[in-house]
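Visitor: Mind having a look at this structure? Questions to follow.
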Amino acid sequence: MLVLAVDTATPAVTAGVVRLEGDTPRTLATRITVNARAHAEVLTPHILECLAEADITPADLDAVVVGCGPGPFTGLRVGMATAAAFGDALGIPVHGVCSLDAIAIEAALGRDLLVVTDARRREVYWARYSGGARVQGPEVNKPADLEPTPSQAIAGSAGHVDLFDLPVEPVETPSPAGLVAVAAAALRSGAEPAPLVPLYLRRPDAVAIADRKK
């Protein structure tokens, strides 16, 4: 099964083509640009470059997997809208996954894990994992309000993991293989994907600023 995977929930603009063989996702091509202001400009070129590198056409794709956040409004909607457009144009299913889950599955720990990403406004998006499953979150809080325990390790944003007294796993953003791994069971089953729902967790910055001026 050939899967296009995209994520724009973090400052990293990520695209990749992944072959799902049984339970194992194998990355055929990937492009990542870390620029929180470039999501709209580089995502589609990244996708086309990945297709060319994997030597396939869009018609060869069987499904699309997209990170649904949590993430800032502007960047997140770029990835989700692009994924939905590809799926609609090709007539293939589009599966949404939690971007934090994709980071957690790449960390592949036996320990309880905390995943954090940049939520701006000096806050983090976060979730906790135990036994490979999400047990709390996703939520958004200031780092000072988030207890590191009972987690035994942390992964995610390089600018935020060091704010917590936990061993750091070097997985900073969702990878194409991680995104597909989260969706693997749904992809294999052929089940109809759930509607795409973005995990904004709060209103856009522009709305919040406008409210404060009232």
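Labels for the structure tokens follow display order: chains A, B, ..., residues from 1 in each chain, ligands from 1.
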DSSP on the backbone: what in region 11-207 of chain A comes out strand (DSSP E), as a ChimeraX atom specification?
Guide: /A:12-21,24-34,63-67,94-97,113-120,123-130,133-141,153-156
Visitor: Tell me, as a PyMOL selection string, which residues lie within 10 Å of Leu196 (chain A), counting only C-alpha atoms; anything in the same chain fewer than 6 positions away does not count.
Guide: chain A and resi 66-68+80-81+83-84+94-97
Visitor: Just want the 10 Å neighbourhood of Ile105 (chain A), counted on only C-alpha atoms, with same-chain residues fewer than 6 positions away dropped. Output as a PyMOL selection string.
Guide: chain A and resi 129+132-133+171+174+177-179+181-182
Visitor: Within 6 Å of Gly16 (chain A), counting only C-alpha atoms, which residues qualify if same-chain residues fewer than 5 places away don't, as a PyMOL selection string?
Guide: chain A and resi 4-5+29-30+50+176
Visitor: Please save C-alpha atoms of the selected residues as an mmCIF file, in the first residue's frame.
Guide:
data_model
loop_
_atom_site.group_PDB
_atom_site.id
_atom_site.type_symbol
_atom_site.label_atom_id
_atom_site.label_comp_id
_atom_site.auth_asym_id
_atom_site.auth_seq_id
_atom_site.Cartn_x
_atom_site.Cartn_y
_atom_site.Cartn_z
ATOM 1 C CA LEU A 4 1.129 10.003 1.074
ATOM 2 C CA ALA A 5 1.796 11.409 4.565
ATOM 3 C CA ALA A 29 10.870 9.650 0.037
ATOM 4 C CA THR A 30 10.579 12.514 2.468
ATOM 5 C CA CYS A 50 8.493 13.007 -2.979
ATOM 6 C CA PRO A 176 5.906 10.302 7.445
#
Visitor: What's the 12 Å shell around Glu49 (chain A), counting only C-alpha atoms, without same-chain residues fewer than 2 positions away, as a PyMOL selection string?
Guide: chain A and resi 4+14-17+28-32+42-47+51-58
Visitor: Using CA of Asn35 (chain A) and CA of Ser99 (chain A) as the two end points, give the distance in Å to one decimal.
Guide: 17.1 Å
Visitor: Could you make a table, as a tab-separated table, of the residues of region 53-136 of chain A that have an atom within 10 Å of an atom of region 142-158 of chain A, each with its nearest atom pair and distance in Å to one decimal, counting only C-alpha atoms, in chain and number order?
Guide:
residue	atom	partner	partner_atom	distance
A:Leu100	CA	A:Gly156	CA	8.2
A:Ile103	CA	A:Gly156	CA	6.9
A:Ala104	CA	A:Ala155	CA	7.3
A:Glu106	CA	A:Ala155	CA	9.6
A:Ala107	CA	A:Ala155	CA	7.3
A:Leu109	CA	A:Ala153	CA	8.6
A:Gly110	CA	A:Gln152	CA	9.6
A:Arg111	CA	A:Gln152	CA	5.9
A:Asp112	CA	A:Ser151	CA	4.9
A:Leu113	CA	A:Ala153	CA	5.0
A:Leu114	CA	A:Ile154	CA	4.6
A:Val115	CA	A:Ala155	CA	4.9
A:Val116	CA	A:Gly156	CA	5.0
A:Thr117	CA	A:Ser157	CA	4.8
A:Asp118	CA	A:Ser157	CA	6.3
A:Ala119	CA	A:Lys142	CA	9.1
A:Arg120	CA	A:Lys142	CA	9.7
A:Arg121	CA	A:Lys142	CA	8.5
A:Arg122	CA	A:Lys142	CA	6.3
A:Glu123	CA	A:Lys142	CA	4.2
A:Val124	CA	A:Lys142	CA	6.1
A:Tyr125	CA	A:Lys142	CA	8.9
A:Trp126	CA	A:Leu146	CA	8.9
A:Arg128	CA	A:Ser151	CA	7.2
A:Tyr129	CA	A:Ser151	CA	8.0
A:Ser130	CA	A:Ser151	CA	8.3
Visitor: When DSSP is applied to the backbone of this structure, which of region 56-198 of chain A are assigned alpha helix (DSSP H)? Write them out as a ChimeraX atom specification.
Guide: /A:73-90,99-107,176-189
Visitor: Since we have the selection now, will you write its residues out, keeping N, CA and C atoms, as a tab-separated table (two decimals), in the first residue's frame?
Guide:
chain	number	residue	atom	x	y	z
A	73	PHE	N	-3.50	27.43	14.22
A	73	PHE	CA	-4.58	27.45	13.23
A	73	PHE	C	-4.07	27.55	11.80
A	74	THR	N	-3.22	28.53	11.52
A	74	THR	CA	-2.83	28.80	10.14
A	74	THR	C	-2.06	27.65	9.52
A	75	GLY	N	-1.03	27.17	10.20
A	75	GLY	CA	-0.23	26.09	9.66
A	75	GLY	C	-1.00	24.80	9.55
A	76	LEU	N	-1.77	24.47	10.57
A	76	LEU	CA	-2.47	23.18	10.60
A	76	LEU	C	-3.47	23.06	9.46
A	77	ARG	N	-4.20	24.13	9.17
A	77	ARG	CA	-5.23	24.03	8.14
A	77	ARG	C	-4.62	23.85	6.75
A	78	VAL	N	-3.37	24.32	6.54
A	78	VAL	CA	-2.71	24.12	5.25
A	78	VAL	C	-2.54	22.63	4.97
A	79	GLY	N	-1.99	21.91	5.92
A	79	GLY	CA	-1.77	20.49	5.72
A	79	GLY	C	-3.06	19.72	5.56
A	80	MET	N	-4.06	20.02	6.37
A	80	MET	CA	-5.31	19.28	6.32
A	80	MET	C	-6.08	19.57	5.02
A	81	ALA	N	-6.07	20.84	4.59
A	81	ALA	CA	-6.76	21.19	3.35
A	81	ALA	C	-6.07	20.55	2.15
A	82	THR	N	-4.74	20.53	2.17
A	82	THR	CA	-3.99	19.92	1.07
A	82	THR	C	-4.23	18.42	1.01
A	83	ALA	N	-4.20	17.76	2.17
A	83	ALA	CA	-4.47	16.32	2.21
A	83	ALA	C	-5.87	16.01	1.71
A	84	ALA	N	-6.85	16.79	2.16
A	84	ALA	CA	-8.23	16.57	1.74
A	84	ALA	C	-8.38	16.77	0.23
A	85	ALA	N	-7.68	17.77	-0.32
A	85	ALA	CA	-7.76	18.04	-1.75
A	85	ALA	C	-7.16	16.89	-2.56
A	86	PHE	N	-6.02	16.36	-2.12
A	86	PHE	CA	-5.41	15.22	-2.82
A	86	PHE	C	-6.34	14.02	-2.77
A	87	GLY	N	-6.90	13.74	-1.60
A	87	GLY	CA	-7.79	12.60	-1.47
A	87	GLY	C	-9.02	12.73	-2.34
A	88	ASP	N	-9.59	13.92	-2.37
A	88	ASP	CA	-10.79	14.14	-3.17
A	88	ASP	C	-10.49	14.01	-4.66
A	89	ALA	N	-9.38	14.59	-5.09
A	89	ALA	CA	-9.02	14.56	-6.51
A	89	ALA	C	-8.72	13.14	-6.99
A	90	LEU	N	-8.12	12.33	-6.11
A	90	LEU	CA	-7.70	10.98	-6.49
A	90	LEU	C	-8.74	9.92	-6.14
A	99	SER	N	-0.99	14.35	15.72
A	99	SER	CA	0.44	14.52	15.42
A	99	SER	C	1.32	14.12	16.60
A	100	LEU	N	0.84	14.31	17.82
A	100	LEU	CA	1.61	13.91	19.00
A	100	LEU	C	1.75	12.39	19.05
A	101	ASP	N	0.72	11.67	18.60
A	101	ASP	CA	0.79	10.20	18.56
A	101	ASP	C	1.91	9.74	17.63
A	102	ALA	N	2.09	10.48	16.51
A	102	ALA	CA	3.13	10.10	15.55
A	102	ALA	C	4.52	10.28	16.13
A	103	ILE	N	4.69	11.30	16.95
A	103	ILE	CA	5.98	11.48	17.65
A	103	ILE	C	6.18	10.36	18.66
A	104	ALA	N	5.13	10.03	19.40
A	104	ALA	CA	5.23	9.01	20.44
A	104	ALA	C	5.56	7.64	19.86
A	105	ILE	N	4.95	7.28	18.74
A	105	ILE	CA	5.16	5.95	18.18
A	105	ILE	C	6.57	5.80	17.62
A	106	GLU	N	7.18	6.94	17.20
A	106	GLU	CA	8.57	6.90	16.74
A	106	GLU	C	9.53	6.74	17.91
A	107	ALA	N	9.18	7.31	19.07
A	107	ALA	CA	10.06	7.19	20.23
A	107	ALA	C	10.15	5.74	20.69
A	176	PRO	N	6.87	11.03	8.27
A	176	PRO	CA	5.91	10.30	7.45
A	176	PRO	C	5.67	8.87	7.93
A	177	ALA	N	6.74	8.15	8.30
A	177	ALA	CA	6.58	6.78	8.78
A	177	ALA	C	5.80	6.74	10.08
A	178	GLY	N	6.05	7.70	10.97
A	178	GLY	CA	5.31	7.75	12.23
A	178	GLY	C	3.83	8.00	12.02
A	179	LEU	N	3.51	8.92	11.11
A	179	LEU	CA	2.10	9.21	10.80
A	179	LEU	C	1.39	7.97	10.27
A	180	VAL	N	2.05	7.26	9.34
A	180	VAL	CA	1.45	6.06	8.75
A	180	VAL	C	1.34	4.95	9.80
A	181	ALA	N	2.33	4.84	10.68
A	181	ALA	CA	2.27	3.82	11.72
A	181	ALA	C	1.05	4.00	12.62
A	182	VAL	N	0.72	5.25	12.94
A	182	VAL	CA	-0.45	5.52	13.78
A	182	VAL	C	-1.73	5.08	13.07
A	183	ALA	N	-1.77	5.28	11.76
A	183	ALA	CA	-2.98	4.96	10.98
A	183	ALA	C	-2.97	3.55	10.42
A	184	ALA	N	-1.94	2.76	10.71
A	184	ALA	CA	-1.75	1.47	10.04
A	184	ALA	C	-2.94	0.53	10.17
A	185	ALA	N	-3.50	0.43	11.35
A	185	ALA	CA	-4.62	-0.50	11.54
A	185	ALA	C	-5.81	-0.09	10.68
A	186	ALA	N	-6.11	1.20	10.64
A	186	ALA	CA	-7.23	1.69	9.84
A	186	ALA	C	-6.96	1.51	8.35
A	187	LEU	N	-5.71	1.73	7.94
A	187	LEU	CA	-5.35	1.55	6.54
A	187	LEU	C	-5.51	0.10	6.12
A	188	ARG	N	-5.04	-0.82	6.94
A	188	ARG	CA	-5.11	-2.24	6.60
A	188	ARG	C	-6.54	-2.75	6.56
A	189	SER	N	-7.38	-2.21	7.43
A	189	SER	CA	-8.76	-2.70	7.52
A	189	SER	C	-9.61	-2.24	6.34
Visitor: Between CA of Thr27 (chain A) and CA of Gly190 (chain A), what is the distance in Å, rounded to a tenth?
Guide: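 Taking CA of Thr27 (chain A) and CA of Gly190 (chain A), their separation equals 20.6 Å.
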